[in-house]
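> Supplied structure: coords28.tsv, TSV, C-alpha atoms.
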```
chain	number	residue	atom	x	y	z
C	1	MET	CA	63.77	14.71	3.08
C	2	SER	CA	60.58	16.19	4.59
C	3	LYS	CA	57.90	17.64	2.36
C	4	CYS	CA	57.08	21.37	2.64
C	5	GLU	CA	53.34	20.71	2.91
C	6	GLN	CA	53.97	18.44	5.94
C	7	CYS	CA	56.61	20.62	7.66
C	8	ILE	CA	55.47	22.30	10.87
C	9	VAL	CA	58.21	24.95	10.57
C	10	ARG	CA	56.37	26.73	7.74
C	11	GLN	CA	53.60	27.66	10.18
C	12	PHE	CA	56.05	30.15	11.75
C	13	ASN	CA	56.82	32.09	8.57
C	14	SER	CA	55.43	33.39	5.30
C	15	LEU	CA	55.25	29.93	3.73
C	16	LYS	CA	52.04	29.27	5.67
C	17	HIS	CA	50.25	31.43	3.09
C	18	LEU	CA	51.10	29.09	0.21
C	19	SER	CA	48.56	26.61	-1.13
C	20	LYS	CA	49.13	22.87	-1.00
C	21	GLU	CA	49.83	22.87	-4.74
C	22	GLU	CA	52.44	25.63	-4.33
C	23	LEU	CA	54.07	23.80	-1.41
C	24	VAL	CA	54.23	20.52	-3.34
C	25	ARG	CA	55.93	22.32	-6.23
C	26	MET	CA	58.34	24.04	-3.82
C	27	SER	CA	59.14	20.76	-2.11
C	28	ALA	CA	60.19	19.26	-5.43
C	29	CYS	CA	62.84	21.92	-6.07
C	30	LYS	CA	64.20	22.76	-2.58
C	31	THR	CA	67.32	21.22	-1.10
C	32	THR	CA	68.03	20.47	2.54
C	33	LYS	CA	71.46	21.33	3.96
C	34	ILE	CA	73.22	20.66	7.27
C	35	ILE	CA	75.29	23.66	8.36
C	36	LYS	CA	77.77	22.86	11.13
C	37	LYS	CA	78.44	25.23	14.04
C	38	GLY	CA	80.77	28.01	12.85
C	39	GLU	CA	80.12	27.41	9.16
C	40	VAL	CA	78.96	30.23	6.89
C	41	LEU	CA	75.45	30.12	5.47
C	42	PHE	CA	76.15	33.02	3.12
C	43	GLU	CA	78.78	35.75	2.83
C	44	GLU	CA	78.49	39.51	2.63
C	45	GLY	CA	78.76	40.43	-1.06
C	46	GLU	CA	77.41	37.08	-2.22
C	47	HIS	CA	74.67	36.72	-4.83
C	48	LEU	CA	71.86	34.77	-3.19
C	49	ASN	CA	70.02	32.62	-5.70
C	50	GLY	CA	67.29	31.72	-3.25
C	51	VAL	CA	66.17	31.92	0.37
C	52	PHE	CA	66.87	29.79	3.42
C	53	CYS	CA	64.15	28.41	5.66
C	54	ILE	CA	65.63	27.49	9.04
C	55	LYS	CA	64.33	24.09	10.10
C	56	ASP	CA	66.57	23.82	13.17
C	57	GLY	CA	69.34	25.82	14.86
C	58	VAL	CA	70.33	29.48	15.17
C	59	CYS	CA	72.57	31.73	13.06
C	60	LYS	CA	74.04	35.16	13.68
C	61	VAL	CA	73.57	37.74	10.94
C	62	SER	CA	76.25	40.42	10.86
C	63	LYS	CA	77.77	43.24	8.83
C	64	MET	CA	81.43	44.27	8.69
C	65	SER	CA	82.04	47.98	9.24
C	66	GLU	CA	84.66	50.02	7.41
C	67	ASN	CA	86.99	49.83	10.43
C	68	GLY	CA	86.84	46.03	10.36
C	69	ARG	CA	84.50	45.55	13.31
C	70	ASN	CA	81.78	42.92	13.00
C	71	GLN	CA	78.32	44.16	14.07
C	72	ILE	CA	75.77	41.44	14.78
C	73	ILE	CA	72.43	42.68	13.45
C	74	SER	CA	70.24	39.80	14.58
C	75	LEU	CA	70.08	36.20	15.75
C	76	VAL	CA	67.79	34.16	13.51
C	77	GLN	CA	66.28	30.95	14.82
C	78	LYS	CA	64.15	27.98	13.80
C	79	GLY	CA	61.05	28.88	11.82
C	80	ASN	CA	62.44	31.98	10.13
C	81	ILE	CA	63.33	32.69	6.51
C	82	ILE	CA	66.45	34.66	5.59
C	83	GLY	CA	67.71	36.02	2.31
C	84	GLU	CA	64.44	37.36	0.97
C	85	ARG	CA	65.52	41.02	1.00
C	86	SER	CA	68.47	40.42	-1.35
C	87	LEU	CA	66.22	38.28	-3.50
C	88	VAL	CA	63.53	40.93	-3.92
C	89	SER	CA	66.01	43.80	-4.45
C	90	GLU	CA	68.15	41.65	-6.79
C	91	GLU	CA	71.25	43.03	-5.08
C	92	ILE	CA	74.18	41.22	-3.50
C	93	SER	CA	73.80	40.40	0.17
C	94	ASN	CA	75.05	43.15	2.48
C	95	LEU	CA	75.05	40.73	5.43
C	96	LYS	CA	76.81	37.54	6.49
C	97	ALA	CA	75.17	34.57	8.25
C	98	VAL	CA	77.13	32.11	10.42
C	99	ALA	CA	75.74	29.10	12.31
C	100	LEU	CA	75.87	29.46	16.12
C	101	ASN	CA	75.09	25.78	16.47
C	102	ASP	CA	74.42	22.90	14.10
C	103	MET	CA	71.65	23.91	11.72
C	104	GLU	CA	69.30	22.24	9.29
C	105	VAL	CA	68.09	24.59	6.56
C	106	CYS	CA	66.08	24.25	3.39
C	107	PHE	CA	67.26	26.24	0.38
C	108	ILE	CA	64.46	27.38	-1.93
C	109	PRO	CA	65.57	28.58	-5.40
C	110	LYS	CA	64.95	32.16	-6.47
C	111	GLU	CA	62.72	31.22	-9.41
C	112	GLU	CA	60.28	29.39	-7.14
C	113	ILE	CA	60.00	32.22	-4.62
C	114	ILE	CA	59.59	34.90	-7.33
C	115	ARG	CA	56.83	32.86	-8.96
C	116	ASP	CA	54.91	32.67	-5.69
C	117	LEU	CA	55.50	36.38	-4.95
C	118	GLU	CA	53.99	37.25	-8.33
C	119	LYS	CA	50.93	35.03	-7.98
C	120	ASN	CA	50.07	34.81	-4.26
C	121	ASN	CA	49.15	38.17	-2.72
C	122	ALA	CA	48.88	36.87	0.85
C	123	PHE	CA	52.38	35.40	0.61
C	124	THR	CA	53.76	38.63	-0.88
C	125	MET	CA	52.22	40.79	1.88
C	126	SER	CA	53.60	38.47	4.56
C	127	VAL	CA	57.11	38.68	3.10
C	128	LEU	CA	56.84	42.48	2.91
C	129	LYS	CA	55.70	42.65	6.55
C	130	ASP	CA	58.67	40.53	7.62
C	131	MET	CA	61.02	42.82	5.72
C	132	ALA	CA	59.39	45.88	7.31
C	133	THR	CA	59.88	44.34	10.76
C	134	SER	CA	63.56	43.77	9.97
C	135	LEU	CA	63.95	47.39	8.89
C	136	LYS	CA	62.27	48.56	12.09
C	137	SER	CA	64.73	46.51	14.13
C	138	ALA	CA	67.60	48.03	12.17
C	139	ASP	CA	66.24	51.53	12.91
C	140	ASN	CA	66.04	50.72	16.61
C	141	LEU	CA	69.61	49.41	16.55
C	142	ILE	CA	70.87	52.67	15.03
C	143	VAL	CA	69.10	54.71	17.73
C	144	ASP	CA	70.41	52.44	20.50
C	145	MET	CA	73.98	52.76	19.25
C	146	ALA	CA	73.69	56.55	19.14
C	147	GLN	CA	71.81	57.24	22.36
C	148	LYS	CA	72.38	54.40	24.83
C	149	THR	CA	75.50	53.58	26.80
C	150	VAL	CA	77.28	50.25	26.35
C	151	LYS	CA	76.03	49.23	29.81
C	152	GLN	CA	72.43	49.98	28.82
C	153	ARG	CA	72.83	48.06	25.57
C	154	LEU	CA	74.19	45.03	27.42
C	155	ALA	CA	71.31	45.05	29.90
C	156	GLU	CA	68.81	45.35	27.06
C	157	THR	CA	70.50	42.56	25.11
C	158	LEU	CA	70.42	40.17	28.07
C	159	LEU	CA	66.69	40.75	28.59
C	160	HIS	CA	66.06	40.39	24.85
C	161	LEU	CA	67.94	37.08	24.71
C	162	HIS	CA	66.05	35.85	27.77
C	163	SER	CA	62.73	36.72	26.12
C	164	LYS	CA	63.59	35.38	22.66
C	165	PHE	CA	65.27	32.09	23.60
C	166	ASP	CA	63.74	31.40	27.04
C	167	THR	CA	65.73	29.32	29.58
C	168	ASP	CA	66.87	25.74	30.03
C	169	SER	CA	66.03	23.48	32.97
C	170	GLU	CA	68.68	25.23	35.10
C	171	GLY	CA	67.47	28.74	34.33
C	172	ASN	CA	70.26	29.63	31.89
C	173	ILE	CA	69.42	31.61	28.75
C	174	ASN	CA	68.86	28.97	26.09
C	175	ILE	CA	71.51	30.29	23.67
C	176	GLN	CA	75.27	30.20	24.18
C	177	LEU	CA	77.21	33.19	22.89
C	178	SER	CA	80.91	33.88	23.10
C	179	ARG	CA	82.06	37.09	24.78
C	180	GLU	CA	83.08	38.30	21.32
C	181	ASP	CA	79.56	37.66	20.01
C	182	ILE	CA	78.05	39.62	22.91
C	183	ALA	CA	80.49	42.46	22.23
C	184	ASN	CA	79.52	42.41	18.54
C	185	ILE	CA	75.83	42.64	19.44
C	186	ILE	CA	76.23	45.65	21.73
C	187	GLY	CA	78.88	47.33	19.57
C	188	THR	CA	81.90	47.42	21.86
C	189	ALA	CA	85.30	45.80	22.37
C	190	THR	CA	85.35	42.27	23.76
C	191	GLU	CA	87.30	43.47	26.82
C	192	SER	CA	84.56	45.98	27.64
C	193	ALA	CA	81.85	43.33	27.36
C	194	ILE	CA	83.80	41.02	29.68
C	195	ARG	CA	84.28	43.82	32.22
C	196	LEU	CA	80.58	44.73	32.24
C	197	LEU	CA	79.46	41.10	32.52
C	198	SER	CA	81.79	40.70	35.50
C	199	GLU	CA	80.33	43.87	37.04
C	200	PHE	CA	76.78	42.51	36.60
C	201	LYS	CA	77.89	39.24	38.19
C	202	LYS	CA	79.53	41.03	41.13
C	203	ASN	CA	76.31	42.96	41.71
C	204	LYS	CA	74.34	39.68	41.64
C	205	ILE	CA	72.33	40.75	38.59
C	206	ILE	CA	73.45	37.73	36.58
C	207	GLU	CA	75.59	34.66	37.08
C	208	PHE	CA	77.50	32.79	34.45
C	209	LYS	CA	79.71	29.80	33.85
C	210	GLY	CA	81.50	29.75	30.52
C	211	LYS	CA	78.95	30.71	27.86
C	212	GLU	CA	75.96	29.94	30.08
C	213	ILE	CA	74.28	33.05	31.51
C	214	LYS	CA	71.47	33.18	34.06
C	215	ILE	CA	69.57	36.35	34.88
C	216	LEU	CA	69.06	36.75	38.64
C	217	ASP	CA	67.55	40.23	38.78
C	218	GLU	CA	65.48	41.36	35.78
C	219	ALA	CA	64.35	44.50	37.61
C	220	ALA	CA	67.97	45.62	38.04
C	221	LEU	CA	68.60	45.22	34.30
C	222	ASP	CA	65.45	47.21	33.56
C	223	LYS	CA	66.63	50.01	35.84
C	224	ILE	CA	69.99	50.12	34.03
C	225	ILE	CA	68.20	50.38	30.66
C	226	HIS	CA	66.14	53.35	31.87
C	227	GLY	CA	69.09	55.06	33.53
C	228	PHE	CA	68.05	54.59	37.15
```
Taking this structure as input, can you express it in the form of structure tokens?


Amino acid sequence: MSKCEQCIVRQFNSLKHLSKEELVRMSACKTTKIIKKGEVLFEEGEHLNGVFCIKDGVCKVSKMSENGRNQIISLVQKGNIIGERSLVSEEISNLKAVALNDMEVCFIPKEEIIRDLEKNNAFTMSVLKDMATSLKSADNLIVDMAQKTVKQRLAETLLHLHSKFDTDSEGNINIQLSREDIANIIGTATESAIRLLSEFKKNKIIEFKGKEIKILDEAALDKIIHGF
């Protein structure tokens, strides 16, 4: 098991503000877990007794609507911490996290995080900034759902995925999502997502094989987003 003070992943999140002494203490009480592709990290309605630091892999974070549709709120990758909002508010989680590929995560108990939040101002401010960023993203999602067409949301999502996950050696976006996942990101039926992806492919804006998607014309996607 790696030690927190020696882990490079912490440089990408709020844990970088902890002192060596705090990291050594955290390392002694954290547990490392392997989460297989498709397995649940935590459920909506679950009491989270700590936070998860993602050491490797990607998970989708979603919320179930009243009509039973799953809305993917975000894709969280290596270097991020999840679960801190429920921890600070002391409420049950209103989101669900599922591994998109095999993950390695470190679980840090609630008591340890609360202790550091109470004593380390830099750490506390960093956590609050991360939570504010998440809220801003949620605000943007609400506006997009209300004001943008499904086609615009798909174009925006493809560019966002390209920017966030980069591409592999063959130019494919470096994250594989099912058509259902894409539909749940843009807030539409799976059949609609499939139809629009096929339309983009026909117009030579993208190409795909299975779950692998390559963007051929970023400018065309940008025009769709802005209604041109």

> Given the choices C:Ala138, C:Ile114, C:Met125, C:Ala99, which gets closest to Gln176 in chain C if the distance is worked out from all atoms listed in the file?

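When distances to Gln176 in chain C are compared using all atoms listed in the file, the smallest one comes from C:Ala99.
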
> Once you count all atoms listed in the file, which residues end up no further than 12 Å from (58.3, 24.2, 11.0) in the file's frame, shown as a PyMOL selection string?

chain C and resi 2-16+53-57+77-81+104-106

> What is the CA of Glu21 in chain C-CA of Glu84 in chain C distance in Å, reported with one decimal?

21.4 Å

> So how many Å separate CA of Thr32 in chain C and CA of Ile108 in chain C, to one decimal?

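Calculated distance between CA of Thr32 in chain C and CA of Ile108 in chain C is 9.0 Å.
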
> Find the spatial neighbours of Asn121 in chain C, counting all atoms listed in the file, within a cut-off of 12 Å - ignore same-chain residues fewer than 4 positions away - and output them as an NGL selection string.

:C and (14 or 17-19 or 114-117 or 125-128)

> Go ahead and compute the interatomic distance for CA of Gly50 in chain C and CA of Phe107 in chain C, in Å to one decimal.

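Going from CA of Gly50 in chain C over to CA of Phe107 in chain C covers 6.6 Å.
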
> Taking the point (75.9, 45.7, 29.8) as given in the file, collect each protein or nucleic acid residue that comes within 9 Å of it, counting all atoms listed in the file, and present the set as a PDB file with C-alpha atoms, keeping the file's coordinate frame.


```pdb
ATOM      1  CA  THR C 149      75.500  53.580  26.800  1.00  0.00           C
ATOM      2  CA  VAL C 150      77.280  50.250  26.350  1.00  0.00           C
ATOM      3  CA  LYS C 151      76.030  49.230  29.810  1.00  0.00           C
ATOM      4  CA  GLN C 152      72.430  49.980  28.820  1.00  0.00           C
ATOM      5  CA  ARG C 153      72.830  48.060  25.570  1.00  0.00           C
ATOM      6  CA  LEU C 154      74.190  45.030  27.420  1.00  0.00           C
ATOM      7  CA  ALA C 155      71.310  45.050  29.900  1.00  0.00           C
ATOM      8  CA  GLU C 156      68.810  45.350  27.060  1.00  0.00           C
ATOM      9  CA  THR C 157      70.500  42.560  25.110  1.00  0.00           C
ATOM     10  CA  LEU C 158      70.420  40.170  28.070  1.00  0.00           C
ATOM     11  CA  ILE C 186      76.230  45.650  21.730  1.00  0.00           C
ATOM     12  CA  SER C 192      84.560  45.980  27.640  1.00  0.00           C
ATOM     13  CA  ALA C 193      81.850  43.330  27.360  1.00  0.00           C
ATOM     14  CA  ARG C 195      84.280  43.820  32.220  1.00  0.00           C
ATOM     15  CA  LEU C 196      80.580  44.730  32.240  1.00  0.00           C
ATOM     16  CA  LEU C 197      79.460  41.100  32.520  1.00  0.00           C
ATOM     17  CA  GLU C 199      80.330  43.870  37.040  1.00  0.00           C
ATOM     18  CA  PHE C 200      76.780  42.510  36.600  1.00  0.00           C
ATOM     19  CA  LEU C 221      68.600  45.220  34.300  1.00  0.00           C
ATOM     20  CA  ILE C 224      69.990  50.120  34.030  1.00  0.00           C
TER      21      ILE C 224
END
```

> Near Ala189 in chain C, counting all atoms listed in the file, which residues have an atom at most 8 Å away, once you skip same-chain residues fewer than 5 positions from it, shown as a ChimeraX atom specification?

/C:180,183-184

> Rank nothing, just name the residue among C:Ser93, C:His162, C:Glu118, C:Ile113 nearest to Leu23 in chain C, using all atoms listed in the file.

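Ranking C:Ser93, C:His162, C:Glu118, C:Ile113 by distance to Leu23 in chain C, first place goes to C:Ile113.
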
> Nearest to Glu207 in chain C among C:Cys29, C:Ala219, C:Met64, C:Ile173, with distances taken over all atoms listed in the file: which residue is it?

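Closest to Glu207 in chain C, using all atoms listed in the file: C:Ile173.
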
> Identify which of the residues C:Ala28, C:Leu135, C:Leu177, C:Val98 lies closest to Phe208 in chain C, counting all atoms listed in the file when measuring atom-to-atom distances.

C:Leu177

> Would you please work out which residue, of C:Glu111, C:Asp102, C:Asp168, C:Asp130, is nearest to Arg85 in chain C when using only C-alpha atoms?

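Result for the nearest residue to Arg85 in chain C: C:Asp130.
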
> Would you mind telling me which residue in C:Asn120, C:Pro109, C:Lys129, C:Gly187 lies nearest to Ser62 in chain C when using only C-alpha atoms?

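Residue with the minimum atom-to-atom distance to Ser62 in chain C: C:Gly187.
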
> May I ask you to restore all heavy atoms in range 4-15 of chain C and write the result as a PDB file, in the coordinates of the input?


```
ATOM      1  N   CYS C   4      57.469  20.032   2.156  1.00  0.00           N
ATOM      2  CA  CYS C   4      57.080  21.370   2.640  1.00  0.00           C
ATOM      3  C   CYS C   4      55.667  21.385   3.183  1.00  0.00           C
ATOM      4  O   CYS C   4      55.392  22.023   4.206  1.00  0.00           O
ATOM      5  CB  CYS C   4      57.225  22.390   1.518  1.00  0.00           C
ATOM      6  SG  CYS C   4      58.935  22.651   0.959  1.00  0.00           S
ATOM      7  N   GLU C   5      54.747  20.674   2.501  1.00  0.00           N
ATOM      8  CA  GLU C   5      53.340  20.710   2.910  1.00  0.00           C
ATOM      9  C   GLU C   5      53.116  19.989   4.251  1.00  0.00           C
ATOM     10  O   GLU C   5      52.082  20.172   4.896  1.00  0.00           O
ATOM     11  CB  GLU C   5      52.436  20.124   1.822  1.00  0.00           C
ATOM     12  CG  GLU C   5      52.631  18.640   1.548  1.00  0.00           C
ATOM     13  CD  GLU C   5      53.705  18.337   0.503  1.00  0.00           C
ATOM     14  OE1 GLU C   5      54.578  19.205   0.284  1.00  0.00           O
ATOM     15  OE2 GLU C   5      53.658  17.245  -0.076  1.00  0.00           O
ATOM     16  N   GLN C   6      54.092  19.175   4.675  1.00  0.00           N
ATOM     17  CA  GLN C   6      53.970  18.440   5.940  1.00  0.00           C
ATOM     18  C   GLN C   6      54.859  19.028   7.037  1.00  0.00           C
ATOM     19  O   GLN C   6      54.834  18.543   8.168  1.00  0.00           O
ATOM     20  CB  GLN C   6      54.329  16.959   5.723  1.00  0.00           C
ATOM     21  CG  GLN C   6      53.407  16.247   4.743  1.00  0.00           C
ATOM     22  CD  GLN C   6      53.899  14.850   4.396  1.00  0.00           C
ATOM     23  OE1 GLN C   6      55.017  14.472   4.735  1.00  0.00           O
ATOM     24  NE2 GLN C   6      53.054  14.081   3.721  1.00  0.00           N
ATOM     25  N   CYS C   7      55.624  20.059   6.721  1.00  0.00           N
ATOM     26  CA  CYS C   7      56.610  20.620   7.660  1.00  0.00           C
ATOM     27  C   CYS C   7      55.947  21.636   8.591  1.00  0.00           C
ATOM     28  O   CYS C   7      55.367  22.621   8.136  1.00  0.00           O
ATOM     29  CB  CYS C   7      57.751  21.279   6.888  1.00  0.00           C
ATOM     30  SG  CYS C   7      59.051  21.921   7.967  1.00  0.00           S
ATOM     31  N   ILE C   8      56.081  21.402   9.879  1.00  0.00           N
ATOM     32  CA  ILE C   8      55.470  22.300  10.870  1.00  0.00           C
ATOM     33  C   ILE C   8      56.157  23.663  10.918  1.00  0.00           C
ATOM     34  O   ILE C   8      55.558  24.666  11.294  1.00  0.00           O
ATOM     35  CB  ILE C   8      55.463  21.636  12.268  1.00  0.00           C
ATOM     36  CG1 ILE C   8      54.525  22.409  13.220  1.00  0.00           C
ATOM     37  CG2 ILE C   8      56.875  21.547  12.839  1.00  0.00           C
ATOM     38  CD1 ILE C   8      54.258  21.701  14.519  1.00  0.00           C
ATOM     39  N   VAL C   9      57.434  23.710  10.516  1.00  0.00           N
ATOM     40  CA  VAL C   9      58.210  24.950  10.570  1.00  0.00           C
ATOM     41  C   VAL C   9      57.569  26.056   9.742  1.00  0.00           C
ATOM     42  O   VAL C   9      57.601  27.234  10.124  1.00  0.00           O
ATOM     43  CB  VAL C   9      59.672  24.698  10.116  1.00  0.00           C
ATOM     44  CG1 VAL C   9      60.389  26.011   9.852  1.00  0.00           C
ATOM     45  CG2 VAL C   9      60.419  23.899  11.172  1.00  0.00           C
ATOM     46  N   ARG C  10      56.946  25.701   8.614  1.00  0.00           N
ATOM     47  CA  ARG C  10      56.370  26.730   7.740  1.00  0.00           C
ATOM     48  C   ARG C  10      55.258  27.513   8.415  1.00  0.00           C
ATOM     49  O   ARG C  10      54.934  28.626   7.992  1.00  0.00           O
ATOM     50  CB  ARG C  10      55.875  26.098   6.434  1.00  0.00           C
ATOM     51  CG  ARG C  10      54.651  25.227   6.582  1.00  0.00           C
ATOM     52  CD  ARG C  10      54.235  24.616   5.243  1.00  0.00           C
ATOM     53  NE  ARG C  10      53.192  23.630   5.392  1.00  0.00           N
ATOM     54  CZ  ARG C  10      51.895  23.908   5.495  1.00  0.00           C
ATOM     55  NH1 ARG C  10      51.487  25.155   5.426  1.00  0.00           N
ATOM     56  NH2 ARG C  10      50.996  22.954   5.645  1.00  0.00           N
ATOM     57  N   GLN C  11      54.664  26.946   9.478  1.00  0.00           N
ATOM     58  CA  GLN C  11      53.600  27.660  10.180  1.00  0.00           C
ATOM     59  C   GLN C  11      54.108  28.906  10.894  1.00  0.00           C
ATOM     60  O   GLN C  11      53.336  29.758  11.314  1.00  0.00           O
ATOM     61  CB  GLN C  11      52.919  26.719  11.195  1.00  0.00           C
ATOM     62  CG  GLN C  11      52.207  25.534  10.567  1.00  0.00           C
ATOM     63  CD  GLN C  11      51.098  25.940   9.607  1.00  0.00           C
ATOM     64  OE1 GLN C  11      50.431  26.954   9.819  1.00  0.00           O
ATOM     65  NE2 GLN C  11      50.913  25.171   8.553  1.00  0.00           N
ATOM     66  N   PHE C  12      55.449  29.013  11.049  1.00  0.00           N
ATOM     67  CA  PHE C  12      56.050  30.150  11.750  1.00  0.00           C
ATOM     68  C   PHE C  12      56.533  31.243  10.804  1.00  0.00           C
ATOM     69  O   PHE C  12      57.120  32.220  11.239  1.00  0.00           O
ATOM     70  CB  PHE C  12      57.205  29.674  12.628  1.00  0.00           C
ATOM     71  CG  PHE C  12      56.793  28.672  13.677  1.00  0.00           C
ATOM     72  CD1 PHE C  12      57.034  27.330  13.494  1.00  0.00           C
ATOM     73  CD2 PHE C  12      56.152  29.086  14.837  1.00  0.00           C
ATOM     74  CE1 PHE C  12      56.656  26.401  14.455  1.00  0.00           C
ATOM     75  CE2 PHE C  12      55.766  28.173  15.800  1.00  0.00           C
ATOM     76  CZ  PHE C  12      56.012  26.821  15.612  1.00  0.00           C
ATOM     77  N   ASN C  13      56.339  31.077   9.510  1.00  0.00           N
ATOM     78  CA  ASN C  13      56.820  32.090   8.570  1.00  0.00           C
ATOM     79  C   ASN C  13      55.850  32.286   7.408  1.00  0.00           C
ATOM     80  O   ASN C  13      54.734  31.749   7.419  1.00  0.00           O
ATOM     81  CB  ASN C  13      58.239  31.726   8.061  1.00  0.00           C
ATOM     82  CG  ASN C  13      58.285  30.365   7.369  1.00  0.00           C
ATOM     83  OD1 ASN C  13      57.469  30.075   6.486  1.00  0.00           O
ATOM     84  ND2 ASN C  13      59.238  29.522   7.760  1.00  0.00           N
ATOM     85  N   SER C  14      56.295  33.019   6.412  1.00  0.00           N
ATOM     86  CA  SER C  14      55.430  33.390   5.300  1.00  0.00           C
ATOM     87  C   SER C  14      54.934  32.219   4.470  1.00  0.00           C
ATOM     88  O   SER C  14      53.923  32.323   3.771  1.00  0.00           O
ATOM     89  CB  SER C  14      56.168  34.376   4.377  1.00  0.00           C
ATOM     90  OG  SER C  14      56.564  35.525   5.079  1.00  0.00           O
ATOM     91  N   LEU C  15      55.625  31.095   4.544  1.00  0.00           N
ATOM     92  CA  LEU C  15      55.250  29.930   3.730  1.00  0.00           C
ATOM     93  C   LEU C  15      53.883  29.377   4.097  1.00  0.00           C
ATOM     94  O   LEU C  15      53.284  28.633   3.320  1.00  0.00           O
ATOM     95  CB  LEU C  15      56.311  28.834   3.853  1.00  0.00           C
ATOM     96  CG  LEU C  15      57.728  29.194   3.400  1.00  0.00           C
ATOM     97  CD1 LEU C  15      58.667  28.007   3.560  1.00  0.00           C
ATOM     98  CD2 LEU C  15      57.740  29.677   1.954  1.00  0.00           C
TER      99      LEU C  15
END
```
